[in-house]
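Text of the file my_file-v8.cif, holding mmCIF, N, CA and C atoms:
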```
data_my_file
loop_
_atom_site.label_atom_id
_atom_site.label_comp_id
_atom_site.auth_asym_id
_atom_site.auth_seq_id
_atom_site.Cartn_x
_atom_site.Cartn_y
_atom_site.Cartn_z
N MET A 1 20.50 1.61 -12.96
CA MET A 1 20.93 2.28 -11.75
C MET A 1 19.96 1.99 -10.60
N VAL A 2 18.65 2.05 -10.87
CA VAL A 2 17.66 1.79 -9.82
C VAL A 2 17.78 0.37 -9.31
N GLU A 3 17.98 -0.60 -10.24
CA GLU A 3 18.12 -1.99 -9.81
C GLU A 3 19.34 -2.18 -8.93
N VAL A 4 20.45 -1.53 -9.25
CA VAL A 4 21.66 -1.64 -8.43
C VAL A 4 21.41 -1.05 -7.06
N SER A 5 20.79 0.12 -7.01
CA SER A 5 20.49 0.76 -5.74
C SER A 5 19.54 -0.09 -4.91
N SER A 6 18.50 -0.64 -5.52
CA SER A 6 17.56 -1.49 -4.82
C SER A 6 18.24 -2.74 -4.28
N GLU A 7 19.11 -3.32 -5.06
CA GLU A 7 19.83 -4.52 -4.61
C GLU A 7 20.73 -4.19 -3.42
N ARG A 8 21.41 -3.06 -3.46
CA ARG A 8 22.26 -2.65 -2.34
C ARG A 8 21.43 -2.46 -1.07
N LYS A 9 20.28 -1.80 -1.19
CA LYS A 9 19.41 -1.59 -0.04
C LYS A 9 18.93 -2.93 0.51
N TYR A 10 18.57 -3.83 -0.38
CA TYR A 10 18.09 -5.14 0.03
C TYR A 10 19.19 -5.90 0.78
N GLN A 11 20.39 -5.89 0.24
CA GLN A 11 21.50 -6.60 0.89
C GLN A 11 21.82 -5.99 2.26
N LYS A 12 21.75 -4.67 2.37
CA LYS A 12 22.00 -4.00 3.65
C LYS A 12 20.93 -4.40 4.66
N LEU A 13 19.68 -4.40 4.22
CA LEU A 13 18.58 -4.80 5.09
C LEU A 13 18.80 -6.22 5.60
N LEU A 14 19.15 -7.12 4.71
CA LEU A 14 19.35 -8.51 5.12
C LEU A 14 20.51 -8.64 6.10
N SER A 15 21.57 -7.85 5.91
CA SER A 15 22.71 -7.93 6.83
C SER A 15 22.34 -7.43 8.22
N VAL A 16 21.42 -6.47 8.30
CA VAL A 16 20.99 -5.93 9.59
C VAL A 16 20.03 -6.90 10.30
N LEU A 17 19.20 -7.58 9.54
CA LEU A 17 18.18 -8.45 10.12
C LEU A 17 18.74 -9.73 10.75
N GLY A 18 19.85 -10.23 10.25
CA GLY A 18 20.35 -11.52 10.71
C GLY A 18 19.56 -12.65 10.07
N SER A 19 19.92 -13.89 10.36
CA SER A 19 19.32 -15.02 9.64
C SER A 19 17.84 -15.21 9.97
N ALA A 20 17.45 -15.13 11.24
CA ALA A 20 16.04 -15.31 11.60
C ALA A 20 15.20 -14.17 11.02
N GLY A 21 15.71 -12.95 11.14
CA GLY A 21 15.00 -11.80 10.59
C GLY A 21 14.89 -11.87 9.09
N ARG A 22 15.96 -12.34 8.47
CA ARG A 22 15.95 -12.49 7.01
C ARG A 22 14.87 -13.49 6.58
N ASN A 23 14.82 -14.64 7.27
CA ASN A 23 13.81 -15.65 6.93
C ASN A 23 12.40 -15.09 7.11
N ASN A 24 12.16 -14.38 8.21
CA ASN A 24 10.84 -13.80 8.44
C ASN A 24 10.51 -12.73 7.40
N TYR A 25 11.48 -11.90 7.08
CA TYR A 25 11.28 -10.86 6.07
C TYR A 25 10.90 -11.49 4.73
N GLU A 26 11.63 -12.51 4.33
CA GLU A 26 11.36 -13.15 3.04
C GLU A 26 9.99 -13.83 3.03
N LYS A 27 9.57 -14.43 4.17
CA LYS A 27 8.24 -15.02 4.26
C LYS A 27 7.16 -13.94 4.13
N MET A 28 7.38 -12.80 4.79
CA MET A 28 6.41 -11.71 4.72
C MET A 28 6.30 -11.18 3.29
N VAL A 29 7.43 -11.02 2.62
CA VAL A 29 7.41 -10.54 1.25
C VAL A 29 6.65 -11.51 0.35
N ARG A 30 6.86 -12.82 0.55
CA ARG A 30 6.13 -13.81 -0.24
C ARG A 30 4.62 -13.71 0.01
N SER A 31 4.22 -13.52 1.27
CA SER A 31 2.79 -13.37 1.58
C SER A 31 2.20 -12.18 0.84
N LEU A 32 2.91 -11.07 0.89
CA LEU A 32 2.43 -9.86 0.22
C LEU A 32 2.39 -10.06 -1.29
N ARG A 33 3.43 -10.67 -1.83
CA ARG A 33 3.50 -10.89 -3.28
C ARG A 33 2.38 -11.80 -3.75
N ASP A 34 2.09 -12.84 -2.97
CA ASP A 34 1.04 -13.78 -3.35
C ASP A 34 -0.34 -13.12 -3.38
N ALA A 35 -0.56 -12.12 -2.52
CA ALA A 35 -1.86 -11.45 -2.44
C ALA A 35 -1.97 -10.26 -3.39
N THR A 36 -0.87 -9.87 -3.99
CA THR A 36 -0.85 -8.69 -4.84
C THR A 36 -1.07 -9.07 -6.29
N PRO A 37 -2.02 -8.42 -6.93
CA PRO A 37 -2.17 -8.67 -8.37
C PRO A 37 -0.87 -8.34 -9.08
N LYS A 38 -0.67 -8.94 -10.22
CA LYS A 38 0.57 -8.69 -10.95
C LYS A 38 0.68 -7.21 -11.29
N LEU A 39 1.69 -6.58 -10.74
CA LEU A 39 1.93 -5.16 -10.97
C LEU A 39 3.11 -5.03 -11.90
N GLY A 40 3.03 -4.09 -12.78
CA GLY A 40 4.09 -3.92 -13.77
C GLY A 40 5.28 -3.15 -13.25
N GLN A 41 6.36 -3.20 -14.00
CA GLN A 41 7.57 -2.46 -13.66
C GLN A 41 7.31 -0.96 -13.64
N LYS A 42 6.27 -0.54 -14.34
CA LYS A 42 5.99 0.88 -14.43
C LYS A 42 5.26 1.41 -13.20
N ASP A 43 4.76 0.52 -12.35
CA ASP A 43 4.03 0.95 -11.16
C ASP A 43 4.99 1.48 -10.11
N TRP A 44 4.51 2.42 -9.32
CA TRP A 44 5.31 2.98 -8.22
C TRP A 44 4.83 2.38 -6.91
N TYR A 45 5.76 1.95 -6.09
CA TYR A 45 5.46 1.36 -4.79
C TYR A 45 5.66 2.44 -3.72
N LEU A 46 4.64 2.65 -2.91
CA LEU A 46 4.74 3.60 -1.80
C LEU A 46 5.00 2.80 -0.53
N SER A 47 6.04 3.16 0.17
CA SER A 47 6.49 2.36 1.30
C SER A 47 6.47 3.16 2.60
N ILE A 48 5.93 2.58 3.61
CA ILE A 48 6.00 2.98 5.01
C ILE A 48 5.68 4.45 5.26
N LEU A 49 4.45 4.66 5.65
CA LEU A 49 3.99 5.96 6.11
C LEU A 49 3.39 5.76 7.48
N GLY A 50 3.81 6.56 8.41
CA GLY A 50 3.25 6.48 9.75
C GLY A 50 3.12 7.87 10.34
N VAL A 51 2.05 8.09 11.06
CA VAL A 51 1.83 9.36 11.75
C VAL A 51 1.56 9.03 13.21
N ASP A 52 2.24 9.74 14.09
CA ASP A 52 2.04 9.58 15.53
C ASP A 52 0.54 9.62 15.83
N PRO A 53 0.02 8.62 16.54
CA PRO A 53 -1.42 8.59 16.83
C PRO A 53 -1.95 9.91 17.42
N GLU A 54 -1.15 10.59 18.20
CA GLU A 54 -1.58 11.85 18.78
C GLU A 54 -1.74 12.96 17.74
N ARG A 55 -1.12 12.78 16.57
CA ARG A 55 -1.18 13.79 15.50
C ARG A 55 -2.09 13.37 14.35
N GLN A 56 -2.65 12.18 14.41
CA GLN A 56 -3.53 11.73 13.33
C GLN A 56 -4.77 12.61 13.27
N GLY A 57 -5.27 12.79 12.07
CA GLY A 57 -6.44 13.64 11.87
C GLY A 57 -6.10 15.08 11.58
N GLU A 58 -4.81 15.43 11.56
CA GLU A 58 -4.38 16.80 11.30
C GLU A 58 -4.01 17.03 9.83
N GLY A 59 -4.12 15.99 9.01
CA GLY A 59 -3.79 16.13 7.59
C GLY A 59 -2.33 15.90 7.26
N LEU A 60 -1.54 15.44 8.23
CA LEU A 60 -0.10 15.23 7.99
C LEU A 60 0.14 14.12 6.97
N GLY A 61 -0.54 12.99 7.11
CA GLY A 61 -0.36 11.88 6.18
C GLY A 61 -0.74 12.28 4.77
N ARG A 62 -1.82 12.99 4.63
CA ARG A 62 -2.27 13.45 3.31
C ARG A 62 -1.21 14.38 2.70
N ARG A 63 -0.67 15.29 3.49
CA ARG A 63 0.34 16.22 2.95
C ARG A 63 1.61 15.48 2.53
N VAL A 64 1.99 14.47 3.30
CA VAL A 64 3.19 13.69 2.94
C VAL A 64 2.97 12.96 1.61
N LEU A 65 1.80 12.39 1.43
CA LEU A 65 1.52 11.62 0.23
C LEU A 65 1.25 12.47 -1.01
N GLN A 66 0.77 13.70 -0.83
CA GLN A 66 0.37 14.53 -1.98
C GLN A 66 1.47 14.68 -3.02
N ASP A 67 2.68 14.99 -2.60
CA ASP A 67 3.77 15.19 -3.57
C ASP A 67 4.08 13.92 -4.34
N GLY A 68 4.11 12.78 -3.64
CA GLY A 68 4.40 11.51 -4.32
C GLY A 68 3.31 11.12 -5.29
N VAL A 69 2.06 11.31 -4.91
CA VAL A 69 0.94 10.97 -5.78
C VAL A 69 0.91 11.90 -6.99
N LEU A 70 1.17 13.18 -6.76
CA LEU A 70 1.21 14.14 -7.87
C LEU A 70 2.36 13.80 -8.83
N ALA A 71 3.51 13.43 -8.29
CA ALA A 71 4.64 13.03 -9.14
C ALA A 71 4.28 11.80 -9.96
N ALA A 72 3.57 10.85 -9.36
CA ALA A 72 3.13 9.65 -10.09
C ALA A 72 2.17 10.04 -11.21
N ASP A 73 1.28 10.97 -10.92
CA ASP A 73 0.36 11.44 -11.96
C ASP A 73 1.12 12.07 -13.13
N HIS A 74 2.10 12.91 -12.81
CA HIS A 74 2.91 13.53 -13.87
C HIS A 74 3.65 12.48 -14.69
N ALA A 75 4.10 11.44 -14.03
CA ALA A 75 4.83 10.37 -14.71
C ALA A 75 3.89 9.32 -15.34
N LYS A 76 2.58 9.50 -15.11
CA LYS A 76 1.57 8.56 -15.62
C LYS A 76 1.80 7.15 -15.09
N LYS A 77 2.09 7.07 -13.79
CA LYS A 77 2.37 5.79 -13.13
C LYS A 77 1.28 5.44 -12.13
N ARG A 78 0.93 4.17 -12.08
CA ARG A 78 0.03 3.68 -11.05
C ARG A 78 0.84 3.50 -9.77
N CYS A 79 0.23 3.78 -8.63
CA CYS A 79 0.87 3.58 -7.32
C CYS A 79 0.22 2.40 -6.62
N PHE A 80 0.99 1.70 -5.83
CA PHE A 80 0.40 0.68 -4.98
C PHE A 80 1.10 0.65 -3.64
N LEU A 81 0.43 0.06 -2.66
CA LEU A 81 0.95 -0.01 -1.29
C LEU A 81 0.26 -1.15 -0.58
N GLU A 82 0.79 -1.50 0.58
CA GLU A 82 0.12 -2.45 1.46
C GLU A 82 -0.08 -1.75 2.79
N THR A 83 -1.17 -2.09 3.47
CA THR A 83 -1.39 -1.59 4.83
C THR A 83 -1.85 -2.74 5.71
N PHE A 84 -1.36 -2.74 6.92
CA PHE A 84 -1.77 -3.72 7.92
C PHE A 84 -2.78 -3.11 8.89
N ASN A 85 -3.15 -1.87 8.65
CA ASN A 85 -4.04 -1.14 9.54
C ASN A 85 -5.38 -0.93 8.83
N GLU A 86 -6.42 -1.59 9.31
CA GLU A 86 -7.73 -1.49 8.66
C GLU A 86 -8.23 -0.05 8.62
N ARG A 87 -7.91 0.74 9.62
CA ARG A 87 -8.33 2.15 9.63
C ARG A 87 -7.72 2.91 8.46
N SER A 88 -6.56 2.47 7.99
CA SER A 88 -5.89 3.17 6.89
C SER A 88 -6.57 2.94 5.54
N VAL A 89 -7.36 1.89 5.41
CA VAL A 89 -8.01 1.59 4.14
C VAL A 89 -8.87 2.78 3.69
N SER A 90 -9.67 3.34 4.58
CA SER A 90 -10.52 4.47 4.20
C SER A 90 -9.68 5.73 3.95
N PHE A 91 -8.58 5.89 4.69
CA PHE A 91 -7.68 7.02 4.46
C PHE A 91 -7.14 6.98 3.04
N TYR A 92 -6.61 5.82 2.63
CA TYR A 92 -6.06 5.68 1.29
C TYR A 92 -7.15 5.77 0.22
N ALA A 93 -8.34 5.24 0.51
CA ALA A 93 -9.45 5.31 -0.44
C ALA A 93 -9.80 6.77 -0.74
N ALA A 94 -9.75 7.62 0.27
CA ALA A 94 -10.04 9.05 0.07
C ALA A 94 -9.00 9.72 -0.84
N LEU A 95 -7.85 9.09 -0.98
CA LEU A 95 -6.79 9.61 -1.86
C LEU A 95 -6.81 8.95 -3.23
N GLY A 96 -7.84 8.15 -3.50
CA GLY A 96 -7.99 7.54 -4.82
C GLY A 96 -7.52 6.11 -4.94
N PHE A 97 -7.10 5.50 -3.84
CA PHE A 97 -6.66 4.11 -3.86
C PHE A 97 -7.87 3.19 -3.70
N SER A 98 -7.80 2.01 -4.29
CA SER A 98 -8.83 1.00 -4.07
C SER A 98 -8.15 -0.31 -3.70
N THR A 99 -8.86 -1.14 -2.96
CA THR A 99 -8.32 -2.42 -2.53
C THR A 99 -8.29 -3.37 -3.73
N VAL A 100 -7.12 -3.92 -4.02
CA VAL A 100 -6.96 -4.85 -5.14
C VAL A 100 -6.53 -6.23 -4.69
N GLY A 101 -6.33 -6.40 -3.38
CA GLY A 101 -5.95 -7.70 -2.84
C GLY A 101 -5.90 -7.63 -1.33
N GLN A 102 -5.95 -8.77 -0.70
CA GLN A 102 -5.77 -8.84 0.74
C GLN A 102 -5.31 -10.23 1.12
N GLY A 103 -4.78 -10.34 2.33
CA GLY A 103 -4.30 -11.63 2.77
C GLY A 103 -3.94 -11.61 4.24
N ILE A 104 -3.37 -12.70 4.68
CA ILE A 104 -2.90 -12.85 6.06
C ILE A 104 -1.40 -13.10 5.98
N ASP A 105 -0.63 -12.29 6.68
CA ASP A 105 0.82 -12.47 6.70
C ASP A 105 1.15 -13.77 7.43
N THR A 106 1.97 -14.61 6.81
CA THR A 106 2.28 -15.92 7.38
C THR A 106 3.20 -15.84 8.59
N VAL A 107 3.91 -14.74 8.76
CA VAL A 107 4.82 -14.61 9.90
C VAL A 107 4.09 -14.08 11.13
N THR A 108 3.34 -12.98 10.95
CA THR A 108 2.69 -12.33 12.09
C THR A 108 1.24 -12.73 12.29
N GLY A 109 0.64 -13.34 11.27
CA GLY A 109 -0.78 -13.67 11.33
C GLY A 109 -1.68 -12.45 11.16
N SER A 110 -1.10 -11.33 10.77
CA SER A 110 -1.85 -10.08 10.61
C SER A 110 -2.50 -9.99 9.24
N LYS A 111 -3.72 -9.46 9.22
CA LYS A 111 -4.41 -9.21 7.97
C LYS A 111 -3.80 -7.97 7.31
N PHE A 112 -3.74 -7.98 5.97
CA PHE A 112 -3.26 -6.80 5.25
C PHE A 112 -4.08 -6.59 4.00
N TRP A 113 -4.04 -5.37 3.49
CA TRP A 113 -4.74 -4.98 2.29
C TRP A 113 -3.73 -4.43 1.30
N VAL A 114 -3.88 -4.79 0.04
CA VAL A 114 -3.06 -4.24 -1.04
C VAL A 114 -3.96 -3.24 -1.76
N MET A 115 -3.44 -2.03 -1.95
CA MET A 115 -4.24 -0.97 -2.57
C MET A 115 -3.49 -0.37 -3.74
N ALA A 116 -4.23 0.06 -4.75
CA ALA A 116 -3.61 0.67 -5.94
C ALA A 116 -4.39 1.92 -6.32
N ARG A 117 -3.69 2.83 -6.97
CA ARG A 117 -4.28 4.09 -7.45
C ARG A 117 -3.79 4.33 -8.85
N PRO A 118 -4.71 4.40 -9.83
CA PRO A 118 -4.27 4.70 -11.19
C PRO A 118 -3.80 6.14 -11.29
N ALA A 119 -2.93 6.40 -12.23
CA ALA A 119 -2.50 7.78 -12.48
C ALA A 119 -3.71 8.59 -12.91
N LYS A 120 -3.81 9.78 -12.38
CA LYS A 120 -4.92 10.68 -12.75
C LYS A 120 -4.46 11.60 -13.86
N ALA A 121 -5.36 11.88 -14.77
CA ALA A 121 -5.06 12.83 -15.86
C ALA A 121 -4.93 14.23 -15.27
N LEU A 122 -3.90 14.93 -15.66
CA LEU A 122 -3.67 16.29 -15.18
C LEU A 122 -4.27 17.29 -16.14
N GLU A 123 -4.82 18.33 -15.60
CA GLU A 123 -5.42 19.37 -16.44
C GLU A 123 -4.41 20.43 -16.81
#
```
Taking this structure as input, can you express it in the form of structure tokens?
Amino acid sequence: MVEVSSERKYQKLLSVLGSAGRNNYEKMVRSLRDATPKLGQKDWYLSILGVDPERQGEGLGRRVLQDGVLAADHAKKRCFLETFNERSVSFYAALGFSTVGQGIDTVTGSKFWVMARPAKALE
């Protein structure tokens, strides 16, 4: 079921992007994949978190991530993510993530970091 849902989302995304957007998207995904250590099917991918710059520092990002990270811990799953914002590396590190890869996106020329967090044992 998850694979079907993921495929539908992917196809919808590609239809919205158009051919040039699709090509750029696929190049970006390849860049990220090449810089990412081999992650298993059991790992959870955390996608797209953003906080309005005027609201940063208020704990909003941490509160948004807490439920997902706790759910991953309950499921005994490792989480991983990518960030293109160097300031975010220390934010994610404070939540237990460590840098496991980095690279330069071939489409935008932007540096990115791949971060992972092992599941924590629950008491």
Starting from the point (4.0, -15.5, 8.1), work out which residues of protein, DNA or RNA have an atom no more than 12 Å away when counting only C-alpha atoms; state them as a VMD selection string. chain A and resid 21 23 to 32 34 103 to 112
Pairwise distance for atom CA of A:Thr99 and atom CA of A:Glu86, rounded to one decimal in Å: 11.2 Å
Pick from A:Asn85, A:Gly59, A:Gly96, A:Asp52, whichever lies nearest to A:Trp113 using all atoms listed in the file: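 When distances to A:Trp113 are compared using all atoms listed in the file, the smallest one comes from A:Asn85.
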Tell me which residues the PyMOL selection byres ((chain A and resi 81) around 6) grabs here, as an MDAnalysis selection string. chainID A and resid 45:46 79:80 82:83 113:116
As a check of understanding, name the residues that the PyMOL selection byres ((chain A and resi 118) around 7) selects in the supplied structure, as a PyMOL selection string. chain A and resi 73+76-79+96-98+116-117+119-121
Contacts of A:Gln56 at 12 Å (only C-alpha atoms; same-chain gap of 5+ positions) as a compact mmCIF listing (two decimals) with N, CA and C atoms, in the frame of the given file:
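Here's the written file result_4.txt:
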```txt
# COMPACT_ATOMS: atom_id res chain seq x y z
N LEU A 49 4.45 4.66 5.65
CA LEU A 49 3.99 5.96 6.11
C LEU A 49 3.39 5.76 7.48
N GLY A 50 3.81 6.56 8.41
CA GLY A 50 3.25 6.48 9.75
C GLY A 50 3.12 7.87 10.34
N VAL A 51 2.05 8.09 11.06
CA VAL A 51 1.83 9.36 11.75
C VAL A 51 1.56 9.03 13.21
N GLY A 61 -0.54 12.99 7.11
CA GLY A 61 -0.36 11.88 6.18
C GLY A 61 -0.74 12.28 4.77
N ARG A 62 -1.82 12.99 4.63
CA ARG A 62 -2.27 13.45 3.31
C ARG A 62 -1.21 14.38 2.70
N ARG A 63 -0.67 15.29 3.49
CA ARG A 63 0.34 16.22 2.95
C ARG A 63 1.61 15.48 2.53
N ARG A 87 -7.91 0.74 9.62
CA ARG A 87 -8.33 2.15 9.63
C ARG A 87 -7.72 2.91 8.46
N SER A 88 -6.56 2.47 7.99
CA SER A 88 -5.89 3.17 6.89
C SER A 88 -6.57 2.94 5.54
N PHE A 91 -8.58 5.89 4.69
CA PHE A 91 -7.68 7.02 4.46
C PHE A 91 -7.14 6.98 3.04
```
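Atom C of A:His74 lies 8.3 Å from atom CA of A:Leu122.
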Based on DSSP run over this structure's backbone, return all residues of stretch 65-122 of chain A in strand (DSSP E or B), as a list in words.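 Taking stretch 65-122 of chain A and keeping strand (DSSP E or B) gives Cys79, Phe80, Leu81, Glu82, Thr83, Ser98, Thr99, Val100, Gly101, Gln102, Gly103, Ile104, Lys111, Phe112, Trp113, Val114, Met115, Ala116 and Arg117 of chain A.
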Using only N, CA and C atoms, the residue out of A:Ala72, A:Leu95, A:Ala20, A:Val89 with shortest distance to A:Trp44 is A:Ala72
Please, which residues of chain A, numbered as in this document, come out alpha helix (DSSP H) from DSSP, as an NGL selection string? :A and (2-35 or 60-75 or 86-94)
So how many Å separate atom CA of A:Leu65 and atom CA of A:Gln102, to one decimal? 21.7 Å
Complete stretch 70-86 of chain A at the level of N, CA, C and O atoms, written as a PDB file, keeping the file's coordinate frame.
```
ATOM      1  N   LEU A  70       1.170  13.180  -6.760  1.00  0.00           N
ATOM      2  CA  LEU A  70       1.210  14.140  -7.870  1.00  0.00           C
ATOM      3  C   LEU A  70       2.360  13.800  -8.830  1.00  0.00           C
ATOM      4  O   LEU A  70       2.184  13.848 -10.052  1.00  0.00           O
ATOM      5  N   ALA A  71       3.510  13.430  -8.290  1.00  0.00           N
ATOM      6  CA  ALA A  71       4.640  13.030  -9.140  1.00  0.00           C
ATOM      7  C   ALA A  71       4.280  11.800  -9.960  1.00  0.00           C
ATOM      8  O   ALA A  71       4.633  11.696 -11.143  1.00  0.00           O
ATOM      9  N   ALA A  72       3.570  10.850  -9.360  1.00  0.00           N
ATOM     10  CA  ALA A  72       3.130   9.650 -10.090  1.00  0.00           C
ATOM     11  C   ALA A  72       2.170  10.040 -11.210  1.00  0.00           C
ATOM     12  O   ALA A  72       2.246   9.495 -12.315  1.00  0.00           O
ATOM     13  N   ASP A  73       1.280  10.970 -10.920  1.00  0.00           N
ATOM     14  CA  ASP A  73       0.360  11.440 -11.960  1.00  0.00           C
ATOM     15  C   ASP A  73       1.120  12.070 -13.130  1.00  0.00           C
ATOM     16  O   ASP A  73       0.835  11.793 -14.283  1.00  0.00           O
ATOM     17  N   HIS A  74       2.100  12.910 -12.810  1.00  0.00           N
ATOM     18  CA  HIS A  74       2.910  13.530 -13.870  1.00  0.00           C
ATOM     19  C   HIS A  74       3.650  12.480 -14.690  1.00  0.00           C
ATOM     20  O   HIS A  74       3.793  12.621 -15.903  1.00  0.00           O
ATOM     21  N   ALA A  75       4.100  11.440 -14.030  1.00  0.00           N
ATOM     22  CA  ALA A  75       4.830  10.370 -14.710  1.00  0.00           C
ATOM     23  C   ALA A  75       3.890   9.320 -15.340  1.00  0.00           C
ATOM     24  O   ALA A  75       4.360   8.379 -15.972  1.00  0.00           O
ATOM     25  N   LYS A  76       2.580   9.500 -15.110  1.00  0.00           N
ATOM     26  CA  LYS A  76       1.570   8.560 -15.620  1.00  0.00           C
ATOM     27  C   LYS A  76       1.800   7.150 -15.090  1.00  0.00           C
ATOM     28  O   LYS A  76       1.732   6.155 -15.817  1.00  0.00           O
ATOM     29  N   LYS A  77       2.090   7.070 -13.790  1.00  0.00           N
ATOM     30  CA  LYS A  77       2.370   5.790 -13.130  1.00  0.00           C
ATOM     31  C   LYS A  77       1.280   5.440 -12.130  1.00  0.00           C
ATOM     32  O   LYS A  77       0.774   6.296 -11.415  1.00  0.00           O
ATOM     33  N   ARG A  78       0.930   4.170 -12.080  1.00  0.00           N
ATOM     34  CA  ARG A  78       0.030   3.680 -11.050  1.00  0.00           C
ATOM     35  C   ARG A  78       0.840   3.500  -9.770  1.00  0.00           C
ATOM     36  O   ARG A  78       2.008   3.095  -9.812  1.00  0.00           O
ATOM     37  N   CYS A  79       0.230   3.780  -8.630  1.00  0.00           N
ATOM     38  CA  CYS A  79       0.870   3.580  -7.320  1.00  0.00           C
ATOM     39  C   CYS A  79       0.220   2.400  -6.620  1.00  0.00           C
ATOM     40  O   CYS A  79      -0.975   2.151  -6.788  1.00  0.00           O
ATOM     41  N   PHE A  80       0.990   1.700  -5.830  1.00  0.00           N
ATOM     42  CA  PHE A  80       0.400   0.680  -4.980  1.00  0.00           C
ATOM     43  C   PHE A  80       1.100   0.650  -3.640  1.00  0.00           C
ATOM     44  O   PHE A  80       2.203   1.186  -3.469  1.00  0.00           O
ATOM     45  N   LEU A  81       0.430   0.060  -2.660  1.00  0.00           N
ATOM     46  CA  LEU A  81       0.950  -0.010  -1.290  1.00  0.00           C
ATOM     47  C   LEU A  81       0.260  -1.150  -0.580  1.00  0.00           C
ATOM     48  O   LEU A  81      -0.730  -1.700  -1.064  1.00  0.00           O
ATOM     49  N   GLU A  82       0.790  -1.500   0.580  1.00  0.00           N
ATOM     50  CA  GLU A  82       0.120  -2.450   1.460  1.00  0.00           C
ATOM     51  C   GLU A  82      -0.080  -1.750   2.790  1.00  0.00           C
ATOM     52  O   GLU A  82       0.736  -0.922   3.186  1.00  0.00           O
ATOM     53  N   THR A  83      -1.170  -2.090   3.470  1.00  0.00           N
ATOM     54  CA  THR A  83      -1.390  -1.590   4.830  1.00  0.00           C
ATOM     55  C   THR A  83      -1.850  -2.740   5.710  1.00  0.00           C
ATOM     56  O   THR A  83      -2.614  -3.605   5.272  1.00  0.00           O
ATOM     57  N   PHE A  84      -1.360  -2.740   6.920  1.00  0.00           N
ATOM     58  CA  PHE A  84      -1.770  -3.720   7.920  1.00  0.00           C
ATOM     59  C   PHE A  84      -2.780  -3.110   8.890  1.00  0.00           C
ATOM     60  O   PHE A  84      -3.197  -3.753   9.828  1.00  0.00           O
ATOM     61  N   ASN A  85      -3.150  -1.870   8.650  1.00  0.00           N
ATOM     62  CA  ASN A  85      -4.040  -1.140   9.540  1.00  0.00           C
ATOM     63  C   ASN A  85      -5.380  -0.930   8.830  1.00  0.00           C
ATOM     64  O   ASN A  85      -5.478  -0.156   7.883  1.00  0.00           O
ATOM     65  N   GLU A  86      -6.420  -1.590   9.310  1.00  0.00           N
ATOM     66  CA  GLU A  86      -7.730  -1.490   8.660  1.00  0.00           C
ATOM     67  C   GLU A  86      -8.230  -0.050   8.620  1.00  0.00           C
ATOM     68  O   GLU A  86      -8.885   0.351   7.657  1.00  0.00           O
TER      69      GLU A  86
END
```
